[in-house]
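Trainee: model.cif (mmCIF, C-alpha atoms) pasted underneath:
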```
data_input
loop_
_atom_site.group_PDB
_atom_site.id
_atom_site.type_symbol
_atom_site.label_atom_id
_atom_site.label_comp_id
_atom_site.auth_asym_id
_atom_site.auth_seq_id
_atom_site.Cartn_x
_atom_site.Cartn_y
_atom_site.Cartn_z
ATOM 1 C CA MET A 30 88.094 193.443 69.276
ATOM 2 C CA ALA A 31 86.413 191.487 72.103
ATOM 3 C CA LEU A 32 82.885 190.216 71.528
ATOM 4 C CA THR A 33 80.221 190.527 74.199
ATOM 5 C CA ILE A 34 77.892 187.505 74.278
ATOM 6 C CA ARG A 35 74.482 187.645 76.000
ATOM 7 C CA PRO A 36 72.269 184.523 75.929
ATOM 8 C CA LEU A 37 68.677 185.185 74.823
ATOM 9 C CA HIS A 38 67.179 181.724 75.445
ATOM 10 C CA PRO A 39 67.855 178.960 77.981
ATOM 11 C CA LEU A 40 68.930 176.472 75.262
ATOM 12 C CA PHE A 41 70.349 178.471 72.343
ATOM 13 C CA VAL A 42 70.506 181.953 70.743
ATOM 14 C CA ALA A 43 72.788 184.770 71.881
ATOM 15 C CA GLU A 44 73.112 188.490 71.198
ATOM 16 C CA ILE A 45 76.583 189.519 70.034
ATOM 17 C CA THR A 46 77.969 193.039 70.290
ATOM 18 C CA GLY A 47 81.430 194.507 69.879
ATOM 19 C CA LEU A 48 81.949 194.236 66.107
ATOM 20 C CA ASP A 49 81.276 196.231 62.957
ATOM 21 C CA MET A 50 79.974 194.236 59.990
ATOM 22 C CA ARG A 51 80.821 197.056 57.595
ATOM 23 C CA VAL A 52 84.347 195.630 57.737
ATOM 24 C CA PRO A 53 85.092 192.052 56.546
ATOM 25 C CA PRO A 54 86.113 189.759 59.419
ATOM 26 C CA ASP A 55 89.763 188.977 60.019
ATOM 27 C CA PRO A 56 90.717 185.375 60.927
ATOM 28 C CA ALA A 57 90.507 186.020 64.684
ATOM 29 C CA LEU A 58 87.005 187.476 64.415
ATOM 30 C CA MET A 59 85.903 184.630 62.146
ATOM 31 C CA ARG A 60 87.079 182.087 64.727
ATOM 32 C CA ALA A 61 85.222 183.945 67.487
ATOM 33 C CA ILE A 62 81.980 184.015 65.472
ATOM 34 C CA VAL A 63 82.256 180.330 64.536
ATOM 35 C CA GLU A 64 82.872 179.403 68.181
ATOM 36 C CA ALA A 65 79.839 181.454 69.219
ATOM 37 C CA VAL A 66 77.533 179.954 66.592
ATOM 38 C CA ASP A 67 78.794 176.447 67.449
ATOM 39 C CA ALA A 68 77.726 177.091 71.027
ATOM 40 C CA HIS A 69 74.483 179.039 70.470
ATOM 41 C CA ALA A 70 73.343 178.095 66.903
ATOM 42 C CA VAL A 71 71.640 181.490 66.367
ATOM 43 C CA LEU A 72 73.438 184.816 66.816
ATOM 44 C CA VAL A 73 71.751 188.247 66.883
ATOM 45 C CA PHE A 74 73.929 191.243 65.962
ATOM 46 C CA PRO A 75 71.992 194.483 66.642
ATOM 47 C CA GLY A 76 72.756 197.826 65.050
ATOM 48 C CA GLN A 77 74.396 196.534 61.853
ATOM 49 C CA HIS A 78 73.238 199.063 59.255
ATOM 50 C CA ILE A 79 75.092 197.733 56.225
ATOM 51 C CA THR A 80 74.902 197.803 52.438
ATOM 52 C CA ASP A 81 74.538 194.697 50.291
ATOM 53 C CA GLU A 82 78.177 195.054 49.248
ATOM 54 C CA GLN A 83 79.255 195.040 52.900
ATOM 55 C CA HIS A 84 76.899 192.144 53.616
ATOM 56 C CA VAL A 85 78.464 190.042 50.869
ATOM 57 C CA ALA A 86 82.006 191.023 51.844
ATOM 58 C CA PHE A 87 81.402 190.037 55.473
ATOM 59 C CA SER A 88 79.821 186.698 54.488
ATOM 60 C CA ARG A 89 82.264 185.582 51.814
ATOM 61 C CA PRO A 90 85.181 184.545 54.103
ATOM 62 C CA PHE A 91 82.975 181.873 55.711
ATOM 63 C CA GLY A 92 82.614 179.901 52.464
ATOM 64 C CA ARG A 93 80.929 179.683 49.081
ATOM 65 C CA LEU A 94 77.865 181.903 48.760
ATOM 66 C CA GLU A 95 74.668 180.683 47.139
ATOM 67 C CA THR A 96 73.736 182.539 43.942
ATOM 68 C CA THR A 97 71.186 180.238 42.307
ATOM 69 C CA ILE A 98 67.651 181.587 41.988
ATOM 70 C CA LYS A 99 65.657 178.484 41.070
ATOM 71 C CA ALA A 100 62.149 179.473 42.099
ATOM 72 C CA TYR A 101 61.682 182.033 39.329
ATOM 73 C CA ARG A 102 61.159 181.861 35.597
ATOM 74 C CA PRO A 103 64.046 182.292 33.126
ATOM 75 C CA GLY A 104 64.635 185.980 32.432
ATOM 76 C CA PHE A 105 63.605 187.027 35.949
ATOM 77 C CA LYS A 106 65.347 190.263 36.929
ATOM 78 C CA GLY A 107 65.940 190.548 40.651
ATOM 79 C CA ARG A 108 66.406 193.788 42.565
ATOM 80 C CA LEU A 109 69.565 192.677 44.333
ATOM 81 C CA ASP A 110 73.054 191.299 43.812
ATOM 82 C CA PRO A 111 72.741 187.595 42.849
ATOM 83 C CA HIS A 112 74.596 186.655 46.061
ATOM 84 C CA VAL A 113 71.813 188.290 48.120
ATOM 85 C CA ALA A 114 68.399 186.652 48.483
ATOM 86 C CA ASP A 115 65.528 189.138 48.457
ATOM 87 C CA ILE A 116 63.400 188.226 51.476
ATOM 88 C CA SER A 117 60.751 190.857 50.917
ATOM 89 C CA ASN A 118 57.287 191.542 49.570
ATOM 90 C CA LEU A 119 58.605 193.913 46.891
ATOM 91 C CA ASP A 120 58.782 193.557 43.116
ATOM 92 C CA GLU A 121 61.676 194.474 40.794
ATOM 93 C CA ASN A 122 60.597 198.135 41.006
ATOM 94 C CA SER A 123 60.494 198.064 44.839
ATOM 95 C CA ALA A 124 56.684 198.266 44.798
ATOM 96 C CA LEU A 125 54.535 196.021 46.991
ATOM 97 C CA LEU A 126 53.700 192.679 45.388
ATOM 98 C CA SER A 127 50.041 192.218 44.579
ATOM 99 C CA ALA A 128 48.084 189.752 46.701
ATOM 100 C CA THR A 129 48.048 187.201 43.871
ATOM 101 C CA ASP A 130 51.595 187.677 42.548
ATOM 102 C CA ARG A 131 53.304 184.350 41.916
ATOM 103 C CA ARG A 132 56.362 185.489 43.866
ATOM 104 C CA ARG A 133 54.229 186.254 46.907
ATOM 105 C CA MET A 134 52.479 182.885 46.680
ATOM 106 C CA ASN A 135 55.836 181.118 46.497
ATOM 107 C CA SER A 136 57.283 183.120 49.399
ATOM 108 C CA LEU A 137 54.416 182.032 51.673
ATOM 109 C CA GLY A 138 56.373 178.782 51.937
ATOM 110 C CA ASN A 139 58.813 180.670 54.179
ATOM 111 C CA ARG A 140 56.154 180.471 56.890
ATOM 112 C CA LEU A 141 56.662 176.699 57.024
ATOM 113 C CA TRP A 142 59.418 175.377 59.284
ATOM 114 C CA HIS A 143 62.451 174.797 57.092
ATOM 115 C CA THR A 144 66.210 174.689 56.773
ATOM 116 C CA ASP A 145 67.783 176.592 53.879
ATOM 117 C CA TYR A 146 68.412 174.691 50.655
ATOM 118 C CA THR A 147 67.955 171.139 51.964
ATOM 119 C CA PHE A 148 66.414 170.388 48.563
ATOM 120 C CA LYS A 149 69.933 170.745 47.113
ATOM 121 C CA GLU A 150 72.556 168.025 47.415
ATOM 122 C CA THR A 151 74.852 170.524 49.142
ATOM 123 C CA PRO A 152 72.597 172.696 51.323
ATOM 124 C CA GLY A 153 73.045 175.896 53.303
ATOM 125 C CA MET A 154 75.413 176.025 56.278
ATOM 126 C CA TYR A 155 75.167 179.590 57.631
ATOM 127 C CA SER A 156 72.502 182.139 56.749
ATOM 128 C CA LEU A 157 72.958 185.854 57.496
ATOM 129 C CA LEU A 158 69.717 187.831 57.418
ATOM 130 C CA SER A 159 69.754 191.630 57.550
ATOM 131 C CA ALA A 160 66.670 193.657 58.533
ATOM 132 C CA ARG A 161 66.178 196.700 56.277
ATOM 133 C CA VAL A 162 62.470 197.603 56.660
ATOM 134 C CA ILE A 163 60.272 196.013 59.331
ATOM 135 C CA PRO A 164 56.466 196.261 59.691
ATOM 136 C CA ASP A 165 55.052 197.739 62.888
ATOM 137 C CA ASP A 166 53.421 194.459 63.845
ATOM 138 C CA GLY A 167 54.152 190.829 62.971
ATOM 139 C CA GLY A 168 56.825 189.483 60.642
ATOM 140 C CA GLU A 169 58.928 187.894 63.377
ATOM 141 C CA THR A 170 61.231 184.970 62.628
ATOM 142 C CA GLN A 171 61.104 181.840 64.779
ATOM 143 C CA PHE A 172 63.967 179.414 65.284
ATOM 144 C CA ALA A 173 63.901 175.834 66.596
ATOM 145 C CA ASP A 174 66.864 174.182 68.354
ATOM 146 C CA LEU A 175 67.281 170.798 66.690
ATOM 147 C CA ARG A 176 70.159 169.716 68.954
ATOM 148 C CA ALA A 177 68.056 170.131 72.076
ATOM 149 C CA ALA A 178 65.152 168.425 70.298
ATOM 150 C CA TYR A 179 67.379 165.459 69.469
ATOM 151 C CA ASP A 180 68.668 165.263 73.049
ATOM 152 C CA ALA A 181 65.071 165.101 74.299
ATOM 153 C CA LEU A 182 64.116 162.126 72.125
ATOM 154 C CA PRO A 183 63.757 158.753 73.886
ATOM 155 C CA ASP A 184 66.567 156.300 73.171
ATOM 156 C CA ARG A 185 64.127 154.071 71.295
ATOM 157 C CA MET A 186 63.453 156.850 68.769
ATOM 158 C CA LYS A 187 67.137 157.742 68.447
ATOM 159 C CA HIS A 188 67.895 154.129 67.523
ATOM 160 C CA ARG A 189 65.003 154.092 65.036
ATOM 161 C CA LEU A 190 66.293 157.214 63.282
ATOM 162 C CA ASP A 191 69.907 156.091 63.081
ATOM 163 C CA GLY A 192 70.965 155.954 59.416
ATOM 164 C CA LEU A 193 67.588 157.061 57.979
ATOM 165 C CA THR A 194 67.458 159.490 55.073
ATOM 166 C CA ALA A 195 64.644 161.707 53.809
ATOM 167 C CA GLU A 196 64.110 163.095 50.319
ATOM 168 C CA HIS A 197 63.742 166.894 50.251
ATOM 169 C CA SER A 198 61.957 168.886 47.559
ATOM 170 C CA LEU A 199 60.919 172.536 47.282
ATOM 171 C CA LEU A 200 58.112 171.410 44.970
ATOM 172 C CA TYR A 201 56.761 169.234 47.774
ATOM 173 C CA SER A 202 56.820 171.909 50.480
ATOM 174 C CA ARG A 203 55.160 174.462 48.201
ATOM 175 C CA GLY A 204 52.659 171.837 47.091
ATOM 176 C CA THR A 205 51.500 171.319 50.671
ATOM 177 C CA LEU A 206 50.217 174.920 50.481
ATOM 178 C CA GLY A 207 48.556 174.323 47.134
ATOM 179 C CA PHE A 208 51.199 176.287 45.210
ATOM 180 C CA THR A 209 51.996 174.245 42.104
ATOM 181 C CA ASP A 210 52.690 176.955 39.502
ATOM 182 C CA PHE A 211 55.921 175.444 38.174
ATOM 183 C CA THR A 212 56.737 174.704 34.542
ATOM 184 C CA GLU A 213 58.079 171.300 33.574
ATOM 185 C CA GLU A 214 61.496 172.875 33.030
ATOM 186 C CA GLU A 215 61.383 174.385 36.536
ATOM 187 C CA LYS A 216 60.457 171.039 38.030
ATOM 188 C CA ILE A 217 63.518 169.478 36.426
ATOM 189 C CA ARG A 218 65.790 172.320 37.580
ATOM 190 C CA LEU A 219 64.483 172.238 41.155
ATOM 191 C CA GLY A 220 64.732 168.469 41.527
ATOM 192 C CA SER A 221 65.165 166.943 44.990
ATOM 193 C CA ALA A 222 67.939 165.686 47.258
ATOM 194 C CA PRO A 223 68.359 163.063 49.999
ATOM 195 C CA GLN A 224 69.475 164.224 53.445
ATOM 196 C CA PRO A 225 70.194 162.350 56.691
ATOM 197 C CA ILE A 226 67.531 162.750 59.382
ATOM 198 C CA VAL A 227 70.141 162.768 62.142
ATOM 199 C CA ARG A 228 73.546 164.406 61.885
ATOM 200 C CA MET A 229 76.541 164.948 64.123
ATOM 201 C CA HIS A 230 77.055 168.696 64.359
ATOM 202 C CA PRO A 231 80.766 169.160 63.630
ATOM 203 C CA GLY A 232 81.343 172.324 65.639
ATOM 204 C CA SER A 233 79.813 171.120 68.893
ATOM 205 C CA GLY A 234 80.061 167.337 68.590
ATOM 206 C CA ARG A 235 76.343 167.076 69.434
ATOM 207 C CA GLY A 236 73.759 164.968 67.672
ATOM 208 C CA THR A 237 71.052 166.943 65.889
ATOM 209 C CA LEU A 238 67.880 166.347 63.961
ATOM 210 C CA TYR A 239 68.008 167.616 60.387
ATOM 211 C CA LEU A 240 64.473 168.470 59.324
ATOM 212 C CA ALA A 241 62.539 170.778 57.014
ATOM 213 C CA SER A 242 59.083 171.104 55.490
ATOM 214 C CA HIS A 243 60.816 170.098 52.241
ATOM 215 C CA ALA A 244 61.159 166.493 53.522
ATOM 216 C CA MET A 245 58.583 164.481 51.592
ATOM 217 C CA MET A 246 59.400 160.835 52.301
ATOM 218 C CA ILE A 247 61.834 158.556 54.109
ATOM 219 C CA HIS A 248 63.823 156.116 52.031
ATOM 220 C CA GLY A 249 63.026 152.493 52.837
ATOM 221 C CA MET A 250 59.556 153.285 54.234
ATOM 222 C CA GLU A 251 56.129 153.365 52.681
ATOM 223 C CA VAL A 252 55.272 157.013 51.991
ATOM 224 C CA PRO A 253 52.449 157.315 54.596
ATOM 225 C CA GLU A 254 54.615 155.728 57.300
ATOM 226 C CA GLY A 255 57.531 158.024 56.511
ATOM 227 C CA ARG A 256 55.389 161.136 56.407
ATOM 228 C CA ILE A 257 53.739 160.451 59.757
ATOM 229 C CA LEU A 258 57.173 159.934 61.314
ATOM 230 C CA LEU A 259 58.416 163.194 59.792
ATOM 231 C CA LYS A 260 55.328 164.998 61.121
ATOM 232 C CA GLU A 261 55.894 163.588 64.607
ATOM 233 C CA LEU A 262 59.518 164.730 64.523
ATOM 234 C CA MET A 263 58.555 168.205 63.302
ATOM 235 C CA ASP A 264 55.923 168.522 66.030
ATOM 236 C CA HIS A 265 58.460 167.417 68.629
ATOM 237 C CA ALA A 266 61.209 169.758 67.379
ATOM 238 C CA THR A 267 58.938 172.818 67.408
ATOM 239 C CA ARG A 268 57.616 172.416 70.930
ATOM 240 C CA PRO A 269 57.621 175.801 72.741
ATOM 241 C CA GLU A 270 60.635 174.985 74.898
ATOM 242 C CA PHE A 271 62.793 174.511 71.765
ATOM 243 C CA VAL A 272 61.645 177.728 69.998
ATOM 244 C CA TYR A 273 62.924 181.310 70.088
ATOM 245 C CA THR A 274 60.972 184.147 68.438
ATOM 246 C CA HIS A 275 63.043 187.037 67.130
ATOM 247 C CA ARG A 276 61.241 190.382 66.998
ATOM 248 C CA TRP A 277 63.140 192.407 64.445
ATOM 249 C CA THR A 278 64.564 195.882 64.778
ATOM 250 C CA GLU A 279 65.881 197.602 61.671
ATOM 251 C CA GLY A 280 69.629 197.075 61.537
ATOM 252 C CA ASP A 281 69.523 193.623 63.121
ATOM 253 C CA MET A 282 71.660 190.945 61.523
ATOM 254 C CA VAL A 283 70.858 187.363 62.508
ATOM 255 C CA LEU A 284 73.262 184.539 61.673
ATOM 256 C CA TRP A 285 72.163 180.949 62.152
ATOM 257 C CA ASP A 286 73.549 177.476 61.586
ATOM 258 C CA ASN A 287 71.218 175.554 59.261
ATOM 259 C CA ARG A 288 72.812 172.255 60.283
ATOM 260 C CA CYS A 289 71.178 172.335 63.726
ATOM 261 C CA THR A 290 68.201 174.707 63.503
ATOM 262 C CA MET A 291 64.966 175.260 61.624
ATOM 263 C CA HIS A 292 63.288 178.626 61.127
ATOM 264 C CA ARG A 293 60.137 180.189 59.745
ATOM 265 C CA ALA A 294 58.705 183.654 59.129
ATOM 266 C CA CYS A 295 55.569 184.776 60.975
ATOM 267 C CA GLU A 296 52.469 186.389 59.502
ATOM 268 C CA TYR A 297 52.278 190.147 58.953
ATOM 269 C CA ASP A 298 50.126 192.669 57.078
ATOM 270 C CA ALA A 299 51.025 192.173 53.401
ATOM 271 C CA GLY A 300 50.091 195.829 52.819
ATOM 272 C CA ARG A 301 53.174 196.836 54.830
ATOM 273 C CA VAL A 302 56.730 196.575 53.578
ATOM 274 C CA ARG A 303 58.866 193.822 55.080
ATOM 275 C CA GLU A 304 62.327 193.836 53.558
ATOM 276 C CA LEU A 305 65.206 191.640 54.643
ATOM 277 C CA HIS A 306 68.321 190.660 52.682
ATOM 278 C CA ARG A 307 70.040 187.292 53.142
ATOM 279 C CA THR A 308 73.303 185.679 52.184
ATOM 280 C CA THR A 309 73.747 181.934 52.569
ATOM 281 C CA VAL A 310 77.094 180.221 53.021
ATOM 282 C CA MET A 311 76.845 176.732 51.559
ATOM 283 C CA GLU A 312 78.176 173.599 53.235
ATOM 284 C CA PRO A 313 81.590 172.389 52.025
ATOM 285 C CA GLY A 314 80.095 169.093 50.832
ATOM 286 C CA PRO A 315 76.923 166.956 50.800
ATOM 287 C CA PRO A 316 75.662 165.786 54.218
ATOM 288 C CA MET A 317 75.033 162.368 52.684
ATOM 289 C CA ALA A 318 78.795 161.945 52.225
ATOM 290 C CA GLU A 319 79.179 162.631 55.948
ATOM 291 C CA LEU A 320 76.544 159.973 56.700
ATOM 292 C CA MET A 321 78.295 157.440 54.482
ATOM 293 C CA ARG A 322 81.593 158.049 56.279
ATOM 294 C CA ASN A 323 79.919 157.514 59.651
ATOM 295 C CA VAL A 324 78.276 154.276 58.479
ATOM 296 C CA ALA A 325 81.591 152.986 57.099
#
```
Would it be possible to restate this file's structure as structure tokens?
Mentor:
Amino acid sequence: MALTIRPLHPLFVAEITGLDMRVPPDPALMRAIVEAVDAHAVLVFPGQHITDEQHVAFSRPFGRLETTIKAYRPGFKGRLDPHVADISNLDENSALLSATDRRRMNSLGNRLWHTDYTFKETPGMYSLLSARVIPDDGGETQFADLRAAYDALPDRMKHRLDGLTAEHSLLYSRGTLGFTDFTEEEKIRLGSAPQPIVRMHPGSGRGTLYLASHAMMIHGMEVPEGRILLKELMDHATRPEFVYTHRWTEGDMVLWDNRCTMHRACEYDAGRVRELHRTTVMEPGPPMAELMRNVA
């Protein structure tokens, strides 16, 4: 089956047609998708009306799927398969979350620029997000091209960033919004993880920034100095020329490479249902190990 690839942005993002995600990918299709995401970083697959079982089956051949739900209290009963993240404003009974529900307050952090699971030692590699119910207005998802942002940095800044690492924490990113409703046990479970600020993207051989709102400090710097540098990098990486805004249609599947992009959700009327389901394929190993190999 031949894929049709149509670029959607001058720097990255492409629409892909010519496949059916109700069927798990064979090796040839997997290679074609990996080649496309290596080139474009974000892929949009329209018209993929799939079940969660089909979603998981299509995702699984790409690697280990994330199943850990760390942002909720012990005993939390989700609506979905544990391999599928519930990116919605619905409770366990599929009713709209109240305006003050803890889960809604926590999910507001998705409107900050981030990369999936950088607060874990081994973070997300590919995310596959399926649109099930979309509000009439708002609720778009924005993506930032971190390879193009790195290319646009002056050489002086590239040299400054070489070998630097930042500590990433979900508690920090949520705390910047004033959301601190975590038990001591949750704080221990969530923890934090160091990540390199610059990576070499393996599929394309291009340098890329590796940023997220979870980054709270830079190792070897005083905290204020590190945070102002991180803010400057985030501002640079999310300049309009590096950003694509995806306006969802029900049945869209969007696959992106977390190693070279950031993303965020946009505001919408919380009285309207917005329901998307996501699988995340985790990286094969910690990015810090990759950095250590490069330094050696």
Trainee: Given the PyMOL selection byres ((chain A and resi 133-146) around 6) and the file above, list the residues it selects as a list in words.
Mentor: Asp130, Arg131, Arg132, Thr147, Phe148, Lys149, Pro152, Gly153, Arg203, Ala241, Ser242, Asn287, Met291, His292, Arg293, Ala294 and Cys295 of chain A
Trainee: How far is it from CA of Ile247 in chain A to CA of Leu190 in chain A, in Å with one decimal?
Mentor: 10.3 Å
Trainee: Return as a PyMOL selection string the set of residues that the PyMOL selection byres ((chain A and resi 178) around 9) yields on the displayed structure.
Mentor: chain A and resi 173-177+179-182+237-238+262+265-268+271
Trainee: Got a sec to resolve the PyMOL selection byres ((chain A and resi 162-170) around 6) on this structure and send the residues as number ranges by chain?
Mentor: A: 161, 171, 274-276, 293-297, 301, 303-304
Trainee: One number please: CA of Thr129 in chain A to CA of Phe211 in chain A, in Å, one decimal.
Mentor: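 It comes out at 15.3 Å.
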Trainee: Ser117 in chain A: which residues within 8 Å, counting all atoms listed in the file, same-chain residues fewer than 2 positions away excluded, as a ChimeraX atom specification?
Mentor: /A:115,119,302-306
Trainee: Which residue out of A:Pro253, A:Pro36, A:Pro269, A:Gly47 has the minimum interatomic distance to Val71 in chain A when all atoms listed in the file are used?
Mentor: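 For Val71 in chain A, the nearest of the candidates is A:Pro36.
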Trainee: Which of these residues is nearest to Pro231 in chain A, using only C-alpha atoms: A:Arg51, A:His248, A:Glu44, A:Ala68?
Mentor: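 Residue with the minimum atom-to-atom distance to Pro231 in chain A: A:Ala68.
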Trainee: Could you tell me how far CA of Phe87 in chain A sits from CA of Arg307 in chain A, in Å to one decimal place?
Mentor: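 Going from CA of Arg307 in chain A over to CA of Phe87 in chain A, I get 11.9 Å.
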Trainee: For Ala43 in chain A, which residue among A:His188, A:Tyr273, A:Glu215, A:Thr309 is the nearest when counting only C-alpha atoms?
Mentor: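 Going through A:His188, A:Tyr273, A:Glu215, A:Thr309 one by one, the smallest distance to Ala43 in chain A is for A:Tyr273.
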Trainee: Could you write out as JSON the box around range 299-306 of chain A (axis-aligned, all atoms listed in the file, 5 Å on each side), with centre and edge lengths in Å to one decimal?
Mentor:
```
{"center_x": 59.2, "center_y": 193.7, "center_z": 53.9, "size_x": 28.2, "size_y": 16.2, "size_z": 12.4}
```
Trainee: Give the answer as one residue: which of A:Met246, A:Leu206, A:Met154, A:Leu58 has the shortest atom-to-atom distance to Arg288 in chain A, using all atoms listed in the file?
Mentor: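 Selected residue with least distance to Arg288 in chain A: A:Met154.
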Trainee: For Asp55 in chain A, which of A:Thr80, A:Thr278, A:Thr96, A:Ser88 is the closest residue, counting only C-alpha atoms?
Mentor: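 Result for the nearest residue to Asp55 in chain A: A:Ser88.
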Trainee: Kindly indicate which residue among A:Met229, A:Leu157, A:Val113, A:Val272 lies nearest to Pro39 in chain A, using only C-alpha atoms for the distances.
Mentor: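 Using only C-alpha atoms, the shortest distance to Pro39 in chain A belongs to A:Val272.
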